[in-house]
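Enquirer: First the structure, then my questions, so here it is.
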Amino acid sequence: MTNTKPVRIRIAPSPTGDVHVGTGRTALYDYLFVKQTGGTFIMRIDDTDLARNTAHAEAGVYHGLHWLGLDWTEGPDKGGPHAPYRQSERLALYQQYAEQLLTAGHAYYCYCTAEELEALRALQTAAKEDPRYSGKCRDLSASAREALSASGRIPTIRLKVKGKVIGFDDLVRGWIETDTSLMGDFIIMKSNGIPVYNYATVIDDNLMEITHVTRAAEHIVNTFPQLLIYAALGWPTPFFAHFSTMLNEDKSKLSKRKGATFIGQYAEMGYLPEAMVNFLAFLGWSPGDSDEEMYTLDELVEKFSFARCTASNAIFDIKKFDWLNAKWIRKLAPEDLAKRILPFLRKAGLADADVDINWLTRMTTLIQERMVRLDEAPAVAAVFFQEPAAVPEEVRAVLGSVDGGAMLSAVASVLSKVNWTEADIEGALRSLQGELGLSTKVYFMTLRLAVTGSKVSPPLFASIEVIGRERVLRRIENLRDLLGTALSDIL
RNA sequence: GGCGCGUUAGUCUAGUGGUCAGGACGCCGCCCUCUCAAGGCGGAAUCACGGGUUCGAGUCCCGUACGCGCUACCA
């Protein structure tokens, strides 16, 4: 099976308004391979399941994929030589080929009702037989069909299945086969005129000249009936690649209850698209020739291959994703990071749209390696925007017998005169420590508490610089006053 | 139940007959240090089980167990 035709791969999401992470990863792999081979990436909206359609929420799907940095060249939004790209708009096509199958004798009308079929299944199950269609309507005469029609029954269309061993060479798993004599004739067109997934997929993939059918492992067994349809239509089969399934920590299928399942949710939590792409790529694939763990989309395009995809299921480990996201945050240029955290700061009510970007960038360098996710920025950066809560009790515990009031007065005096740069502030403060003869722990912790209101903060000297002389002095004096009044209250 | 896929530390993985089974996350310890991070160094922890094949098996074959998927007029 060689294929020298230009690569064409499709992603076929349901319009649910967001992108499931599994779909996102498949789309990513598709994109990587397409870019690598100079092929074409196609968006096809799979909206034949009316129950699953959320008010034509295609935009959300596009948005999620675009956020990852993925784009396509044919689709409902782009047009293309094989339009329409929505399955709901291709119904006539499915009907047309179903009729072709009918006249060729590869398919037939089945008048059994859903209830009858269910009853048959129940019977077979009870008798410990494998539930499968009996073939009851397979050889109905024309008059029998008319009579059934006249009685108000609307038929489905079934494909005739001949028992034999069939298989295909999966790009990530190798040869996979099964015996179709276990299968039974299956429905390709429902009585409401809507095609069944396995059938619509084959029609579209062939008509759209898809060369590589890529999807999650749960579709492996769907490939068999699809193979039968290709054969019945006399069509060549594409390559198939089935990726591993992504699971929750408890090995269950990814679900909302057990963590975020959609790309958009991760964006809101402050994960970087760079990190998401990187993480998703490594969940079920690895470069194999390097220990490097950070890859950009472009680098992945270069290295990706189906052969290096893993066949076993992968658990979505949020801890590792956190680590990778933090790495990516640290890798960003500060001004870039500043722009990305701004929406989170604004949402938290800390910053305005007109915040000085130079100051924000400087501030960002202080919190850059203290964030795992962007949504942590407000908490870490609050000290630069809001006056800290009073903490005299904590300070007193740190001071012990040291005279805090005197120390803070001395600090304020030094800071009111020092040249306002991080280096000069540090120099002045350190030499004052020597003059006062205070321990590092007491001196700096008291200072930290005074300036930031917390025992944990970004680096002190730089923070002092960023917060600004006026506000720093006010905070120090504030605390000194609090210590004084509190003391006098006790006395 | 039947069929399909899978199984290297808690997790993601490297490994395609001969390696002390490598890397990473997480965890623990130490160092650095104005706190917290980041960073550096070190540590504990793995071939699901049983049979074969072979001089030699994580690697090949068979079986068992376990997990996942499909078994719909869902996709």
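By convention here, the chains of the structure tokens are called A, B, ... in the order presented, each chain's residues are numbered starting at 1, and ligands are numbered starting at 1 in the order presented.
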Per residue of chain A within 7 Å of chain B, what are the shortest atom pair and its distance in Å to one decimal, counting only C-alpha atoms (C1' of nucleotides), with rows by chain and residue number, as JSON lines?
Expert:
{"residue": "A:Ala114", "atom": "CA", "partner": "B:C73", "partner_atom": "C1'", "distance": 6.7}
{"residue": "A:Asp130", "atom": "CA", "partner": "B:G2", "partner_atom": "C1'", "distance": 6.2}
{"residue": "A:Thr156", "atom": "CA", "partner": "B:C73", "partner_atom": "C1'", "distance": 6.9}
{"residue": "A:Lys190", "atom": "CA", "partner": "B:C73", "partner_atom": "C1'", "distance": 4.6}
{"residue": "A:Ser191", "atom": "CA", "partner": "B:C73", "partner_atom": "C1'", "distance": 6.2}
{"residue": "A:Tyr197", "atom": "CA", "partner": "B:A75", "partner_atom": "C1'", "distance": 6.2}
{"residue": "A:Glu218", "atom": "CA", "partner": "B:G69", "partner_atom": "C1'", "distance": 4.9}
{"residue": "A:Val221", "atom": "CA", "partner": "B:G4", "partner_atom": "C1'", "distance": 5.9}
{"residue": "A:Leu283", "atom": "CA", "partner": "B:C12", "partner_atom": "C1'", "distance": 6.6}
{"residue": "A:Gly288", "atom": "CA", "partner": "B:A14", "partner_atom": "C1'", "distance": 6.3}
{"residue": "A:Asp291", "atom": "CA", "partner": "B:G23", "partner_atom": "C1'", "distance": 5.7}
{"residue": "A:Ala311", "atom": "CA", "partner": "B:G6", "partner_atom": "C1'", "distance": 6.9}
{"residue": "A:Ser312", "atom": "CA", "partner": "B:G6", "partner_atom": "C1'", "distance": 5.1}
{"residue": "A:Asp317", "atom": "CA", "partner": "B:U11", "partner_atom": "C1'", "distance": 6.2}
{"residue": "A:Lys319", "atom": "CA", "partner": "B:C25", "partner_atom": "C1'", "distance": 6.7}
{"residue": "A:Lys320", "atom": "CA", "partner": "B:C25", "partner_atom": "C1'", "distance": 4.7}
{"residue": "A:Glu369", "atom": "CA", "partner": "B:A38", "partner_atom": "C1'", "distance": 5.8}
{"residue": "A:Arg370", "atom": "CA", "partner": "B:A37", "partner_atom": "C1'", "distance": 5.0}
{"residue": "A:Phe444", "atom": "CA", "partner": "B:C34", "partner_atom": "C1'", "distance": 5.5}
{"residue": "A:Lys455", "atom": "CA", "partner": "B:U35", "partner_atom": "C1'", "distance": 5.9}
{"residue": "A:Val456", "atom": "CA", "partner": "B:U35", "partner_atom": "C1'", "distance": 5.0}
{"residue": "A:Ser457", "atom": "CA", "partner": "B:C36", "partner_atom": "C1'", "distance": 6.0}
{"residue": "A:Pro458", "atom": "CA", "partner": "B:C36", "partner_atom": "C1'", "distance": 7.0}
{"residue": "A:Leu460", "atom": "CA", "partner": "B:C34", "partner_atom": "C1'", "distance": 6.5}
Enquirer: Find the spatial neighbours of C31 of chain B, counting only C-alpha atoms (C1' of nucleotides), within a cut-off of 12 Å - ignore same-chain residues fewer than 3 positions away - and output them as a list in words.
Expert: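 The residues satisfying every condition are G39, G40, C41 and G42 of chain B.
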Enquirer: Find the spatial neighbours of Pro392 of chain A, counting only C-alpha atoms (C1' of nucleotides), within a cut-off of 12 Å - ignore same-chain residues fewer than 3 positions away - and output them as a PyMOL selection string.
Expert: chain A and resi 388-389+395-399+404-405+446+449-450+453-454+476+478-487
Enquirer: With distances taken over only C-alpha atoms, which of A:His242, A:Ile42, A:Ala12, A:Ala333 is nearest to Gly174 of chain A?
Expert: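 The shortest atom-to-atom distance to Gly174 of chain A comes from A:His242.
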Enquirer: Quick one: residues within 12 Å of Gly270 of chain A, only C-alpha atoms (C1' of nucleotides), excluding same-chain residues fewer than 2 positions away - as an NGL selection string?
Expert: :A and (263-268 or 272-276 or 321-322 or 325-326 or 328-329 or 337 or 340-345 or 371-378)
Enquirer: Please save N, CA and C atoms of the selected residues as a compact mmCIF listing (two decimals), in the first residue's frame.
Expert:
# COMPACT_ATOMS: atom_id res chain seq x y z
N ILE A 263 -10.35 22.51 25.84
CA ILE A 263 -9.24 23.43 25.62
C ILE A 263 -9.53 24.80 26.24
N GLY A 264 -10.74 25.28 26.03
CA GLY A 264 -11.10 26.60 26.54
C GLY A 264 -10.96 26.71 28.05
N GLN A 265 -11.22 25.63 28.75
CA GLN A 265 -11.10 25.65 30.21
C GLN A 265 -9.64 25.85 30.62
N TYR A 266 -8.75 25.23 29.88
CA TYR A 266 -7.33 25.39 30.20
C TYR A 266 -6.84 26.80 29.90
N ALA A 267 -7.39 27.37 28.85
CA ALA A 267 -7.02 28.75 28.53
C ALA A 267 -7.45 29.67 29.66
N GLU A 268 -8.64 29.45 30.17
CA GLU A 268 -9.15 30.29 31.27
C GLU A 268 -8.34 30.11 32.55
N LEU A 272 -0.65 28.25 29.01
CA LEU A 272 -0.21 28.86 27.77
C LEU A 272 -0.50 27.90 26.60
N PRO A 273 -0.90 28.44 25.47
CA PRO A 273 -1.10 27.55 24.31
C PRO A 273 0.19 26.81 23.94
N GLU A 274 1.32 27.48 24.12
CA GLU A 274 2.60 26.83 23.84
C GLU A 274 2.77 25.58 24.70
N ALA A 275 2.38 25.70 25.97
CA ALA A 275 2.52 24.59 26.90
C ALA A 275 1.51 23.49 26.58
N MET A 276 0.32 23.91 26.23
CA MET A 276 -0.74 22.95 25.92
C MET A 276 -0.33 22.10 24.71
N PHE A 321 1.76 18.82 33.52
CA PHE A 321 1.32 19.95 32.70
C PHE A 321 1.65 21.26 33.41
N ASP A 322 1.42 21.30 34.71
CA ASP A 322 1.75 22.48 35.51
C ASP A 322 3.24 22.82 35.39
N ASN A 325 3.97 24.13 32.00
CA ASN A 325 3.41 25.49 31.83
C ASN A 325 4.31 26.52 32.52
N ALA A 326 4.78 26.17 33.72
CA ALA A 326 5.67 27.07 34.44
C ALA A 326 6.97 27.29 33.66
N TRP A 328 7.27 27.20 30.45
CA TRP A 328 6.96 28.07 29.32
C TRP A 328 6.77 29.51 29.77
N ILE A 329 6.17 29.70 30.93
CA ILE A 329 6.00 31.05 31.47
C ILE A 329 7.36 31.69 31.67
N LEU A 337 4.90 38.24 28.56
CA LEU A 337 4.20 37.72 29.74
C LEU A 337 3.29 38.80 30.34
N ARG A 340 0.18 39.04 28.64
CA ARG A 340 -0.69 37.87 28.84
C ARG A 340 -1.32 37.85 30.23
N ILE A 341 -0.64 38.41 31.23
CA ILE A 341 -1.24 38.38 32.56
C ILE A 341 -2.19 39.55 32.77
N LEU A 342 -2.06 40.57 31.95
CA LEU A 342 -2.91 41.75 32.13
C LEU A 342 -4.41 41.42 32.20
N PRO A 343 -4.93 40.59 31.30
CA PRO A 343 -6.36 40.26 31.41
C PRO A 343 -6.72 39.64 32.76
N PHE A 344 -5.81 38.84 33.30
CA PHE A 344 -6.08 38.21 34.60
C PHE A 344 -6.05 39.26 35.71
N LEU A 345 -5.12 40.22 35.61
CA LEU A 345 -5.03 41.28 36.61
C LEU A 345 -6.26 42.18 36.56
N MET A 371 5.11 31.76 39.21
CA MET A 371 3.77 31.41 38.72
C MET A 371 3.80 30.08 37.99
N VAL A 372 2.80 29.27 38.25
CA VAL A 372 2.64 28.04 37.50
C VAL A 372 1.61 28.28 36.39
N ARG A 373 0.60 29.04 36.74
CA ARG A 373 -0.43 29.39 35.77
C ARG A 373 -0.65 30.90 35.79
N LEU A 374 -1.13 31.42 34.69
CA LEU A 374 -1.38 32.84 34.59
C LEU A 374 -2.43 33.33 35.59
N ASP A 375 -3.35 32.47 35.94
CA ASP A 375 -4.40 32.92 36.85
C ASP A 375 -3.89 33.07 38.28
N GLU A 376 -2.62 32.74 38.50
CA GLU A 376 -2.02 32.95 39.82
C GLU A 376 -1.42 34.36 39.92
N ALA A 377 -1.34 35.03 38.80
CA ALA A 377 -0.71 36.36 38.78
C ALA A 377 -1.36 37.34 39.76
N PRO A 378 -2.67 37.43 39.83
CA PRO A 378 -3.27 38.39 40.76
C PRO A 378 -2.83 38.19 42.21
